[in-house]
file structure_17.pdb (PDB, C-alpha atoms)
MODEL        1
ATOM      1  CA  MET G   1     120.470  73.441  87.277
ATOM      2  CA  PHE G   2     121.274  77.119  87.780
ATOM      3  CA  LYS G   3     122.441  78.941  84.683
ATOM      4  CA  LEU G   4     123.261  82.641  84.496
ATOM      5  CA  HIS G   5     120.925  84.662  82.249
ATOM      6  CA  PRO G   6     122.666  85.446  78.925
ATOM      7  CA  VAL G   7     122.121  89.226  79.323
ATOM      8  CA  LEU G   8     123.823  89.187  82.750
ATOM      9  CA  GLU G   9     126.558  86.991  81.264
ATOM     10  CA  LYS G  10     127.135  89.485  78.454
ATOM     11  CA  ASP G  11     127.042  92.706  80.512
ATOM     12  CA  THR G  12     129.245  91.635  83.429
ATOM     13  CA  VAL G  13     132.413  89.877  84.526
ATOM     14  CA  ALA G  14     132.476  87.282  87.304
ATOM     15  CA  VAL G  15     133.842  88.314  90.690
ATOM     16  CA  ALA G  16     132.924  85.628  93.232
ATOM     17  CA  SER G  17     130.594  82.791  94.074
ATOM     18  CA  LEU G  18     129.233  83.133  97.621
ATOM     19  CA  ALA G  19     127.113  80.671  99.614
ATOM     20  CA  LEU G  20     123.980  81.825  97.795
ATOM     21  CA  SER G  21     124.858  84.347  95.106
ATOM     22  CA  ARG G  22     127.117  84.753  92.184
ATOM     23  CA  VAL G  23     128.723  88.222  92.342
ATOM     24  CA  LEU G  24     129.195  90.039  89.047
ATOM     25  CA  LEU G  25     130.772  93.375  88.134
ATOM     26  CA  MET G  26     128.838  95.412  85.579
ATOM     27  CA  ASN G  27     131.126  96.344  82.718
ATOM     28  CA  ASP G  28     130.146 100.009  83.001
ATOM     29  CA  ALA G  29     132.899 102.404  84.016
ATOM     30  CA  ARG G  30     130.361 105.149  84.869
ATOM     31  CA  PHE G  31     129.404 103.455  88.151
ATOM     32  CA  PRO G  32     131.039 100.900  90.483
ATOM     33  CA  TRP G  33     128.178  98.417  90.162
ATOM     34  CA  LEU G  34     127.849  94.874  91.490
ATOM     35  CA  ILE G  35     125.088  92.391  90.754
ATOM     36  CA  LEU G  36     124.239  89.482  93.049
ATOM     37  CA  VAL G  37     122.443  86.552  91.461
ATOM     38  CA  PRO G  38     121.039  83.975  93.885
ATOM     39  CA  GLN G  39     121.897  80.587  92.409
ATOM     40  CA  ARG G  40     118.347  79.240  92.518
ATOM     41  CA  GLU G  41     116.830  78.075  89.269
ATOM     42  CA  GLY G  42     113.740  79.839  87.945
ATOM     43  CA  MET G  43     113.591  82.413  90.759
ATOM     44  CA  ARG G  44     112.184  85.888  89.971
ATOM     45  CA  GLU G  45     111.170  87.413  93.312
ATOM     46  CA  ILE G  46     113.007  87.724  96.624
ATOM     47  CA  HIS G  47     109.832  86.876  98.524
ATOM     48  CA  LYS G  48     109.712  83.501  96.775
ATOM     49  CA  LEU G  49     113.122  82.525  98.209
ATOM     50  CA  SER G  50     113.170  80.481 101.421
ATOM     51  CA  ARG G  51     113.462  82.487 104.613
ATOM     52  CA  ALA G  52     117.048  81.211 105.054
ATOM     53  CA  ASP G  53     117.963  82.312 101.517
ATOM     54  CA  GLN G  54     116.413  85.744 102.129
ATOM     55  CA  THR G  55     118.583  86.238 105.210
ATOM     56  CA  GLN G  56     121.643  85.007 103.326
ATOM     57  CA  LEU G  57     120.893  87.373 100.425
ATOM     58  CA  MET G  58     120.710  90.293 102.863
ATOM     59  CA  THR G  59     124.051  89.228 104.371
ATOM     60  CA  GLU G  60     125.670  89.017 100.944
ATOM     61  CA  ALA G  61     124.204  92.352  99.770
ATOM     62  CA  MET G  62     125.583  93.968 102.934
ATOM     63  CA  ARG G  63     128.991  92.468 102.251
ATOM     64  CA  ALA G  64     128.871  93.889  98.728
ATOM     65  CA  SER G  65     127.860  97.298 100.144
ATOM     66  CA  GLU G  66     130.722  97.299 102.631
ATOM     67  CA  ILE G  67     133.269  96.271 100.006
ATOM     68  CA  LEU G  68     132.121  98.999  97.601
ATOM     69  CA  GLU G  69     132.178 101.538 100.424
ATOM     70  CA  ALA G  70     135.700 100.591 101.503
ATOM     71  CA  LEU G  71     137.012 100.526  97.937
ATOM     72  CA  PHE G  72     135.342 103.583  96.387
ATOM     73  CA  ALA G  73     134.224 105.795  99.323
ATOM     74  CA  PRO G  74     130.921 106.666  97.622
ATOM     75  CA  ASP G  75     128.419 109.251  98.826
ATOM     76  CA  LYS G  76     125.620 106.676  98.824
ATOM     77  CA  ILE G  77     124.966 103.014  98.219
ATOM     78  CA  ASN G  78     121.947 102.211  96.037
ATOM     79  CA  ILE G  79     120.387  98.762  96.250
ATOM     80  CA  GLY G  80     117.658  97.531  93.959
ATOM     81  CA  ALA G  81     115.871  94.407  92.820
ATOM     82  CA  LEU G  82     113.856  95.245  89.716
ATOM     83  CA  GLY G  83     113.926  92.461  87.137
ATOM     84  CA  ASN G  84     111.530  94.196  84.767
ATOM     85  CA  LEU G  85     113.773  93.429  81.792
ATOM     86  CA  VAL G  86     115.887  90.447  82.901
ATOM     87  CA  GLU G  87     113.584  87.980  84.643
ATOM     88  CA  GLN G  88     116.291  86.048  86.531
ATOM     89  CA  LEU G  89     116.345  87.284  90.142
ATOM     90  CA  HIS G  90     119.271  89.647  90.681
ATOM     91  CA  VAL G  91     120.107  92.413  93.124
ATOM     92  CA  HIS G  92     122.007  95.571  92.186
ATOM     93  CA  VAL G  93     124.447  97.135  94.647
ATOM     94  CA  ILE G  94     125.877 100.371  93.287
ATOM     95  CA  ALA G  95     128.324 102.957  94.621
ATOM     96  CA  ARG G  96     126.886 106.395  93.855
ATOM     97  CA  PHE G  97     128.558 109.785  93.845
ATOM     98  CA  THR G  98     126.950 113.225  93.858
ATOM     99  CA  THR G  99     129.206 113.841  90.866
ATOM    100  CA  ASP G 100     128.196 110.779  88.829
ATOM    101  CA  ALA G 101     126.354 111.075  85.520
ATOM    102  CA  ALA G 102     122.940 109.921  86.747
ATOM    103  CA  TRP G 103     122.901 111.576  90.200
ATOM    104  CA  PRO G 104     120.448 111.969  91.910
ATOM    105  CA  GLY G 105     118.399 109.738  89.612
ATOM    106  CA  PRO G 106     118.625 105.955  89.511
ATOM    107  CA  VAL G 107     121.221 104.302  87.256
ATOM    108  CA  TRP G 108     118.757 101.854  85.730
ATOM    109  CA  GLY G 109     117.793 102.900  82.244
ATOM    110  CA  TYR G 110     120.176 105.866  82.383
ATOM    111  CA  GLY G 111     122.100 106.335  79.127
ATOM    112  CA  THR G 112     124.328 103.621  77.768
ATOM    113  CA  ALA G 113     126.952 101.514  79.526
ATOM    114  CA  GLU G 114     130.538 102.666  78.956
ATOM    115  CA  PRO G 115     132.723  99.566  79.086
ATOM    116  CA  TYR G 116     135.962  99.757  81.095
ATOM    117  CA  ALA G 117     139.256  99.758  79.229
ATOM    118  CA  PRO G 118     140.442  96.106  79.380
ATOM    119  CA  ASP G 119     143.282  96.767  81.852
ATOM    120  CA  GLU G 120     141.041  98.904  84.073
ATOM    121  CA  LEU G 121     138.340  96.212  84.076
ATOM    122  CA  GLU G 122     140.901  93.636  85.146
ATOM    123  CA  ARG G 123     142.306  95.963  87.827
ATOM    124  CA  VAL G 124     138.879  96.599  89.386
ATOM    125  CA  ARG G 125     137.785  92.995  89.048
ATOM    126  CA  SER G 126     140.909  91.538  90.644
ATOM    127  CA  ARG G 127     140.668  93.982  93.553
ATOM    128  CA  LEU G 128     137.049  92.893  94.113
ATOM    129  CA  VAL G 129     137.975  89.205  93.812
ATOM    130  CA  GLU G 130     140.515  89.783  96.572
ATOM    131  CA  ASP G 131     137.995  91.561  98.827
ATOM    132  CA  PHE G 132     135.330  88.868  98.432
ATOM    133  CA  GLY G 133     137.926  86.089  98.715
TER     134      GLY G 133
ATOM    135  CA  MET J   1     114.186 110.218 118.939
ATOM    136  CA  PHE J   2     113.006 108.961 115.570
ATOM    137  CA  LYS J   3     111.151 111.484 113.454
ATOM    138  CA  LEU J   4     109.859 110.888 109.940
ATOM    139  CA  HIS J   5     111.535 112.997 107.240
ATOM    140  CA  PRO J   6     109.212 115.865 106.187
ATOM    141  CA  VAL J   7     109.303 114.851 102.506
ATOM    142  CA  LEU J   8     108.182 111.315 103.360
ATOM    143  CA  GLU J   9     105.562 112.788 105.684
ATOM    144  CA  LYS J  10     104.244 114.994 102.880
ATOM    145  CA  ASP J  11     104.236 112.415 100.062
ATOM    146  CA  THR J  12     102.659 109.478 101.915
ATOM    147  CA  VAL J  13      99.963 108.323 104.303
ATOM    148  CA  ALA J  14     100.664 106.093 107.307
ATOM    149  CA  VAL J  15      99.720 102.423 107.060
ATOM    150  CA  ALA J  16     101.357 100.571 109.952
ATOM    151  CA  SER J  17     104.137 100.557 112.484
ATOM    152  CA  LEU J  18     105.969  97.227 112.517
ATOM    153  CA  ALA J  19     108.661  96.010 114.918
ATOM    154  CA  LEU J  20     111.312  97.978 113.009
ATOM    155  CA  SER J  21     109.724 100.019 110.252
ATOM    156  CA  ARG J  22     106.990 102.496 109.748
ATOM    157  CA  VAL J  23     105.007 101.492 106.628
ATOM    158  CA  LEU J  24     103.789 104.301 104.388
ATOM    159  CA  LEU J  25     101.677 104.368 101.239
ATOM    160  CA  MET J  26     102.901 106.751  98.549
ATOM    161  CA  ASN J  27     100.091 109.061  97.511
ATOM    162  CA  ASP J  28     100.613 108.255  93.845
ATOM    163  CA  ALA J  29      97.773 106.466  92.102
ATOM    164  CA  ARG J  30     100.033 105.450  89.187
ATOM    165  CA  PHE J  31     101.703 102.678  91.202
ATOM    166  CA  PRO J  32     100.790 100.672  94.346
ATOM    167  CA  TRP J  33     103.873 101.802  96.266
ATOM    168  CA  LEU J  34     104.868 101.217  99.872
ATOM    169  CA  ILE J  35     107.782 102.746 101.735
ATOM    170  CA  LEU J  36     109.347 101.153 104.808
ATOM    171  CA  VAL J  37     111.232 103.479 107.135
ATOM    172  CA  PRO J  38     113.312 101.765 109.830
ATOM    173  CA  GLN J  39     112.676 103.723 113.018
ATOM    174  CA  ARG J  40     116.349 104.337 113.774
ATOM    175  CA  GLU J  41     117.477 107.898 114.142
ATOM    176  CA  GLY J  42     120.084 109.272 111.741
ATOM    177  CA  MET J  43     120.316 106.074 109.679
ATOM    178  CA  ARG J  44     121.142 106.387 105.959
ATOM    179  CA  GLU J  45     122.433 102.978 104.842
ATOM    180  CA  ILE J  46     121.105  99.446 105.377
ATOM    181  CA  HIS J  47     124.617  98.166 106.004
ATOM    182  CA  LYS J  48     124.897 100.494 109.013
ATOM    183  CA  LEU J  49     121.927  98.834 110.720
ATOM    184  CA  SER J  50     122.644  96.069 113.245
ATOM    185  CA  ARG J  51     122.567  92.562 111.837
ATOM    186  CA  ALA J  52     119.300  91.908 113.723
ATOM    187  CA  ASP J  53     117.721  95.030 112.213
ATOM    188  CA  GLN J  54     118.891  94.015 108.723
ATOM    189  CA  THR J  55     117.178  90.647 109.077
ATOM    190  CA  GLN J  56     114.039  92.306 110.436
ATOM    191  CA  LEU J  57     114.036  94.790 107.555
ATOM    192  CA  MET J  58     114.212  91.892 105.090
ATOM    193  CA  THR J  59     111.304  90.198 106.885
ATOM    194  CA  GLU J  60     109.213  93.372 106.783
ATOM    195  CA  ALA J  61     110.039  94.087 103.115
ATOM    196  CA  MET J  62     108.976  90.527 102.269
ATOM    197  CA  ARG J  63     105.709  91.016 104.155
ATOM    198  CA  ALA J  64     105.112  94.206 102.167
ATOM    199  CA  SER J  65     105.875  92.333  98.917
ATOM    200  CA  GLU J  66     103.446  89.542  99.781
ATOM    201  CA  ILE J  67     100.677  91.956 100.744
ATOM    202  CA  LEU J  68     101.083  93.936  97.509
ATOM    203  CA  GLU J  69     101.125  90.728  95.517
ATOM    204  CA  ALA J  70      97.954  89.378  97.152
ATOM    205  CA  LEU J  71      96.134  92.701  96.853
ATOM    206  CA  PHE J  72      97.145  93.864  93.369
ATOM    207  CA  ALA J  73      98.395  90.743  91.505
ATOM    208  CA  PRO J  74     101.246  92.686  89.859
ATOM    209  CA  ASP J  75     103.549  91.345  87.161
ATOM    210  CA  LYS J  76     106.635  92.191  89.221
ATOM    211  CA  ILE J  77     107.657  93.539  92.603
ATOM    212  CA  ASN J  78     110.381  96.198  92.546
ATOM    213  CA  ILE J  79     112.399  96.825  95.702
ATOM    214  CA  GLY J  80     114.882  99.635  96.109
ATOM    215  CA  ALA J  81     116.852 101.559  98.689
ATOM    216  CA  LEU J  82     118.237 104.698  97.048
ATOM    217  CA  GLY J  83     118.116 107.715  99.351
ATOM    218  CA  ASN J  84     119.876 110.023  96.896
ATOM    219  CA  LEU J  85     117.314 112.771  97.513
ATOM    220  CA  VAL J  86     115.807 111.963 100.927
ATOM    221  CA  GLU J  87     118.632 111.023 103.257
ATOM    222  CA  GLN J  88     116.550 109.166 105.864
ATOM    223  CA  LEU J  89     116.895 105.418 105.260
ATOM    224  CA  HIS J  90     113.808 104.083 103.492
ATOM    225  CA  VAL J  91     113.012 101.083 101.328
ATOM    226  CA  HIS J  92     110.598 101.174  98.415
ATOM    227  CA  VAL J  93     108.391  98.166  97.653
ATOM    228  CA  ILE J  94     106.367  98.698  94.496
ATOM    229  CA  ALA J  95     103.841  96.614  92.587
ATOM    230  CA  ARG J  96     104.662  96.919  88.885
ATOM    231  CA  PHE J  97     102.585  96.073  85.843
ATOM    232  CA  THR J  98     103.714  95.641  82.242
ATOM    233  CA  THR J  99     100.946  98.157  81.489
ATOM    234  CA  ASP J 100     102.018 100.842  83.991
ATOM    235  CA  ALA J 101     103.287 104.236  82.874
ATOM    236  CA  ALA J 102     106.974 103.700  83.679
ATOM    237  CA  TRP J 103     107.342 100.025  82.632
ATOM    238  CA  PRO J 104     109.943  98.621  82.138
ATOM    239  CA  GLY J 105     111.888 101.532  83.618
ATOM    240  CA  PRO J 106     112.145 102.299  87.331
ATOM    241  CA  VAL J 107     109.447 104.459  88.961
ATOM    242  CA  TRP J 108     111.967 106.725  90.721
ATOM    243  CA  GLY J 109     112.228 110.040  88.966
ATOM    244  CA  TYR J 110     109.534 109.071  86.493
ATOM    245  CA  GLY J 111     107.087 111.902  85.798
ATOM    246  CA  THR J 112     105.024 113.439  88.571
ATOM    247  CA  ALA J 113     103.002 111.778  91.304
ATOM    248  CA  GLU J 114      99.265 111.656  90.657
ATOM    249  CA  PRO J 115      97.536 111.814  94.039
ATOM    250  CA  TYR J 116      94.664 109.403  94.686
ATOM    251  CA  ALA J 117      91.142 110.795  94.890
ATOM    252  CA  PRO J 118      90.488 111.151  98.654
ATOM    253  CA  ASP J 119      88.006 108.252  98.857
ATOM    254  CA  GLU J 120      90.259 105.989  96.778
ATOM    255  CA  LEU J 121      93.249 106.823  98.987
ATOM    256  CA  GLU J 122      91.255 105.918 102.074
ATOM    257  CA  ARG J 123      89.988 102.713 100.460
ATOM    258  CA  VAL J 124      93.505 101.514  99.551
ATOM    259  CA  ARG J 125      94.982 102.660 102.858
ATOM    260  CA  SER J 126      92.374 100.957 105.010
ATOM    261  CA  ARG J 127      92.735  97.711 103.066
ATOM    262  CA  LEU J 128      96.512  97.831 103.657
ATOM    263  CA  VAL J 129      96.028  98.687 107.340
ATOM    264  CA  GLU J 130      93.894  95.563 107.642
ATOM    265  CA  ASP J 131      96.463  93.373 105.872
ATOM    266  CA  PHE J 132      99.378  94.599 108.009
ATOM    267  CA  GLY J 133      97.211  94.477 111.158
TER     268      GLY J 133
ENDMDL
END

call {"tool": "encode", "arguments": {"input": "structure_17.pdb", "output": "structure tokens"}}
result
Amino acid sequence: MFKLHPVLEKDTVAVASLALSRVLLMNDARFPWLILVPQREGMREIHKLSRADQTQLMTEAMRASEILEALFAPDKINIGALGNLVEQLHVHVIARFTTDAAWPGPVWGYGTAEPYAPDELERVRSRLVEDFG
Amino acid sequence: MFKLHPVLEKDTVAVASLALSRVLLMNDARFPWLILVPQREGMREIHKLSRADQTQLMTEAMRASEILEALFAPDKINIGALGNLVEQLHVHVIARFTTDAAWPGPVWGYGTAEPYAPDELERVRSRLVEDFG
């Protein structure tokens, strides 16, 4: 059975469950940052997914990109599948700004997460829930 | 007409031209590192590609992942589309090792590229040309 990795569980809040992926919001107010986790047990690499799941993952990552773009009007979307630290397959979709702390570098490994204030986290999360709904 | 960005031109050698993407090998001996550039003029974001092109890009990125895996037996494949510095849409597919210089961090922005020796570059390139052929 699929179970979310405890590190992803700890660092994020749940936004939606799509046909393939669970959508999570990183609790890091520095960057609007979604994580898609394909609900397939023991998966580490996108190329090990079935062809149908790969296409669905692309569709869902594009939906996440479009929602972030509409909501935050970023300068750039960054997408990445690394998994060097957390082995469970997950895809990052991040709204980047030329004014953000890590620009133009990648966000991964940059500084330390700054959790949202509780009411701000709930505001962003509920807006995302609505958009994915 | 599609024209490769001069920075990508400078930092890589050509490997293949697939249905959608040009495949390039980064001239950086620290990491086996491919770059896929969809041959669509003025494109910056994957979500702006047509749905058919998105699916094709996924297919081609998976082929790149499988070729790197078969050739280098890495511990992890990293995939990323950033474009914060080079605006032309391009997708990185990188073979990572727990023993490589940047592990477990991302390769982007890490240190300075170390060009291959000319004969080593040609050896790796021609092997990749064969595999994509």

call {"tool": "closest_atom_pairs", "arguments": {"input": "structure_17.pdb", "of": "chain G", "to": "chain J", "cutoff": "6 Å", "atoms": "only C-alpha atoms", "output": "tab-separated table"}}
result
residue	atom	partner	partner_atom	distance
G:His47	CA	J:Met62	CA	5.3
G:Met62	CA	J:His47	CA	5.3
G:Asn78	CA	J:Leu82	CA	4.6
G:Ile79	CA	J:Ala81	CA	5.1
G:Gly80	CA	J:Gly80	CA	4.1
G:Ala81	CA	J:Ile79	CA	5.1
G:Leu82	CA	J:Asn78	CA	4.6
G:Asn84	CA	J:Pro104	CA	5.4
G:Pro104	CA	J:Asn84	CA	5.4

call {"tool": "resolve_selection", "arguments": {"input": "structure_17.pdb", "expression": "the PyMOL selection byres ((chain G and resi 22) around 10)", "output": "list of chain:residue names"}}
result
G:Leu4, G:Ala14, G:Val15, G:Ala16, G:Ser17, G:Leu18, G:Ala19, G:Leu20, G:Ser21, G:Val23, G:Leu24, G:Ile35, G:Leu36, G:Val37, G:Pro38, G:Gln39, G:Glu60, G:His90

call {"tool": "atom_distance", "arguments": {"input": "structure_17.pdb", "atom1": "CA of Met1 in chain J", "atom2": "CA of Asn27 in chain J"}}
result
25.7 Å

call {"tool": "closest_residue", "arguments": {"input": "structure_17.pdb", "among": "J:Leu128, J:Val86, J:Ala73, J:Ala29", "to": "Thr112 in chain J", "atoms": "only C-alpha atoms"}}
result
J:Ala29

call {"tool": "closest_residue", "arguments": {"input": "structure_17.pdb", "among": "J:Arg40, J:Arg125, J:Lys3, J:Lys10", "to": "Leu71 in chain J", "atoms": "only C-alpha atoms"}}
result
J:Arg125

call {"tool": "residues_near_point", "arguments": {"input": "structure_17.pdb", "point": "(131.1, 104.6, 85.3)", "cutoff": "8 Å", "atoms": "only C-alpha atoms", "output": "count of residues only"}}
result
8

call {"tool": "atom_distance", "arguments": {"input": "structure_17.pdb", "atom1": "CA of Ile67 in chain J", "atom2": "CA of Trp33 in chain J"}}
result
11.3 Å

call {"tool": "atom_distance", "arguments": {"input": "structure_17.pdb", "atom1": "CA of Met26 in chain G", "atom2": "CA of Asp11 in chain G"}}
result
6.0 Å

call {"tool": "closest_residue", "arguments": {"input": "structure_17.pdb", "among": "J:Leu89, J:Ala95, J:Leu25, J:Ala52", "to": "Val13 in chain J", "atoms": "all atoms listed in the file"}}
result
J:Leu25

call {"tool": "decode", "arguments": {"input": "structure_17.pdb", "residues": "range 27-37 of chain J", "atoms": "all heavy atoms", "output": "PDB file, in the first residue's frame"}}
result
ATOM      1  N   ASN J  27      29.597  19.430 -21.434  1.00  0.00           N
ATOM      2  CA  ASN J  27      31.034  19.179 -21.398  1.00  0.00           C
ATOM      3  C   ASN J  27      31.548  19.421 -19.979  1.00  0.00           C
ATOM      4  O   ASN J  27      32.224  20.403 -19.687  1.00  0.00           O
ATOM      5  CB  ASN J  27      31.753  20.061 -22.416  1.00  0.00           C
ATOM      6  CG  ASN J  27      33.219  19.669 -22.552  1.00  0.00           C
ATOM      7  OD1 ASN J  27      33.664  18.684 -21.960  1.00  0.00           O
ATOM      8  ND2 ASN J  27      33.962  20.452 -23.326  1.00  0.00           N
ATOM      9  N   ASP J  28      31.156  18.481 -19.109  1.00  0.00           N
ATOM     10  CA  ASP J  28      31.499  18.557 -17.689  1.00  0.00           C
ATOM     11  C   ASP J  28      31.718  17.134 -17.189  1.00  0.00           C
ATOM     12  O   ASP J  28      30.759  16.386 -16.959  1.00  0.00           O
ATOM     13  CB  ASP J  28      30.362  19.239 -16.914  1.00  0.00           C
ATOM     14  CG  ASP J  28      30.750  19.503 -15.460  1.00  0.00           C
ATOM     15  OD1 ASP J  28      31.750  18.927 -14.986  1.00  0.00           O
ATOM     16  OD2 ASP J  28      30.044  20.287 -14.800  1.00  0.00           O
ATOM     17  N   ALA J  29      32.977  16.782 -17.060  1.00  0.00           N
ATOM     18  CA  ALA J  29      33.344  15.396 -16.739  1.00  0.00           C
ATOM     19  C   ALA J  29      32.942  14.991 -15.326  1.00  0.00           C
ATOM     20  O   ALA J  29      33.013  13.810 -14.974  1.00  0.00           O
ATOM     21  CB  ALA J  29      34.847  15.197 -16.938  1.00  0.00           C
ATOM     22  N   ARG J  30      32.476  15.941 -14.502  1.00  0.00           N
ATOM     23  CA  ARG J  30      32.096  15.601 -13.128  1.00  0.00           C
ATOM     24  C   ARG J  30      30.821  14.772 -13.070  1.00  0.00           C
ATOM     25  O   ARG J  30      30.594  14.023 -12.124  1.00  0.00           O
ATOM     26  CB  ARG J  30      31.904  16.886 -12.294  1.00  0.00           C
ATOM     27  CG  ARG J  30      33.157  17.753 -12.193  1.00  0.00           C
ATOM     28  CD  ARG J  30      32.832  19.068 -11.484  1.00  0.00           C
ATOM     29  NE  ARG J  30      31.764  19.798 -12.163  1.00  0.00           N
ATOM     30  CZ  ARG J  30      31.048  20.789 -11.623  1.00  0.00           C
ATOM     31  NH1 ARG J  30      31.304  21.164 -10.379  1.00  0.00           N
ATOM     32  NH2 ARG J  30      30.119  21.403 -12.314  1.00  0.00           N
ATOM     33  N   PHE J  31      29.930  14.996 -14.069  1.00  0.00           N
ATOM     34  CA  PHE J  31      28.623  14.335 -14.059  1.00  0.00           C
ATOM     35  C   PHE J  31      28.225  13.936 -15.486  1.00  0.00           C
ATOM     36  O   PHE J  31      28.291  14.776 -16.386  1.00  0.00           O
ATOM     37  CB  PHE J  31      27.529  15.295 -13.545  1.00  0.00           C
ATOM     38  CG  PHE J  31      27.887  16.065 -12.310  1.00  0.00           C
ATOM     39  CD1 PHE J  31      28.244  17.405 -12.398  1.00  0.00           C
ATOM     40  CD2 PHE J  31      27.870  15.465 -11.060  1.00  0.00           C
ATOM     41  CE1 PHE J  31      28.570  18.142 -11.262  1.00  0.00           C
ATOM     42  CE2 PHE J  31      28.203  16.198  -9.920  1.00  0.00           C
ATOM     43  CZ  PHE J  31      28.548  17.538 -10.017  1.00  0.00           C
ATOM     44  N   PRO J  32      27.769  12.703 -15.713  1.00  0.00           N
ATOM     45  CA  PRO J  32      27.144  12.364 -17.004  1.00  0.00           C
ATOM     46  C   PRO J  32      25.819  13.127 -17.097  1.00  0.00           C
ATOM     47  O   PRO J  32      24.899  12.878 -16.305  1.00  0.00           O
ATOM     48  CB  PRO J  32      26.916  10.850 -16.913  1.00  0.00           C
ATOM     49  CG  PRO J  32      27.857  10.373 -15.821  1.00  0.00           C
ATOM     50  CD  PRO J  32      27.893  11.516 -14.841  1.00  0.00           C
ATOM     51  N   TRP J  33      25.731  14.084 -18.026  1.00  0.00           N
ATOM     52  CA  TRP J  33      24.698  15.121 -17.945  1.00  0.00           C
ATOM     53  C   TRP J  33      24.204  15.447 -19.352  1.00  0.00           C
ATOM     54  O   TRP J  33      24.959  15.990 -20.159  1.00  0.00           O
ATOM     55  CB  TRP J  33      25.348  16.346 -17.288  1.00  0.00           C
ATOM     56  CG  TRP J  33      24.536  17.545 -17.037  1.00  0.00           C
ATOM     57  CD1 TRP J  33      23.336  17.889 -17.573  1.00  0.00           C
ATOM     58  CD2 TRP J  33      24.884  18.628 -16.149  1.00  0.00           C
ATOM     59  NE1 TRP J  33      22.917  19.092 -17.086  1.00  0.00           N
ATOM     60  CE2 TRP J  33      23.841  19.558 -16.204  1.00  0.00           C
ATOM     61  CE3 TRP J  33      25.980  18.882 -15.324  1.00  0.00           C
ATOM     62  CZ2 TRP J  33      23.879  20.745 -15.464  1.00  0.00           C
ATOM     63  CZ3 TRP J  33      26.002  20.054 -14.590  1.00  0.00           C
ATOM     64  CH2 TRP J  33      24.959  20.970 -14.659  1.00  0.00           C
ATOM     65  N   LEU J  34      22.963  15.101 -19.610  1.00  0.00           N
ATOM     66  CA  LEU J  34      22.346  15.411 -20.898  1.00  0.00           C
ATOM     67  C   LEU J  34      21.390  16.592 -20.754  1.00  0.00           C
ATOM     68  O   LEU J  34      20.826  16.821 -19.682  1.00  0.00           O
ATOM     69  CB  LEU J  34      21.574  14.193 -21.427  1.00  0.00           C
ATOM     70  CG  LEU J  34      22.416  12.952 -21.736  1.00  0.00           C
ATOM     71  CD1 LEU J  34      21.504  11.777 -22.105  1.00  0.00           C
ATOM     72  CD2 LEU J  34      23.407  13.242 -22.865  1.00  0.00           C
ATOM     73  N   ILE J  35      21.243  17.320 -21.853  1.00  0.00           N
ATOM     74  CA  ILE J  35      20.262  18.404 -21.899  1.00  0.00           C
ATOM     75  C   ILE J  35      19.399  18.205 -23.128  1.00  0.00           C
ATOM     76  O   ILE J  35      19.917  17.993 -24.227  1.00  0.00           O
ATOM     77  CB  ILE J  35      20.961  19.776 -21.937  1.00  0.00           C
ATOM     78  CG1 ILE J  35      21.738  20.010 -20.635  1.00  0.00           C
ATOM     79  CG2 ILE J  35      19.948  20.897 -22.168  1.00  0.00           C
ATOM     80  CD1 ILE J  35      22.439  21.356 -20.550  1.00  0.00           C
ATOM     81  N   LEU J  36      18.070  18.253 -22.912  1.00  0.00           N
ATOM     82  CA  LEU J  36      17.124  18.132 -24.021  1.00  0.00           C
ATOM     83  C   LEU J  36      16.542  19.516 -24.292  1.00  0.00           C
ATOM     84  O   LEU J  36      16.010  20.163 -23.373  1.00  0.00           O
ATOM     85  CB  LEU J  36      15.986  17.167 -23.669  1.00  0.00           C
ATOM     86  CG  LEU J  36      16.277  15.667 -23.903  1.00  0.00           C
ATOM     87  CD1 LEU J  36      17.376  15.171 -22.988  1.00  0.00           C
ATOM     88  CD2 LEU J  36      15.003  14.850 -23.689  1.00  0.00           C
ATOM     89  N   VAL J  37      16.620  19.937 -25.540  1.00  0.00           N
ATOM     90  CA  VAL J  37      16.092  21.255 -25.908  1.00  0.00           C
ATOM     91  C   VAL J  37      14.981  21.076 -26.939  1.00  0.00           C
ATOM     92  O   VAL J  37      15.263  20.762 -28.096  1.00  0.00           O
ATOM     93  CB  VAL J  37      17.203  22.150 -26.502  1.00  0.00           C
ATOM     94  CG1 VAL J  37      16.682  23.571 -26.703  1.00  0.00           C
ATOM     95  CG2 VAL J  37      18.443  22.159 -25.617  1.00  0.00           C
TER      96      VAL J  37
END
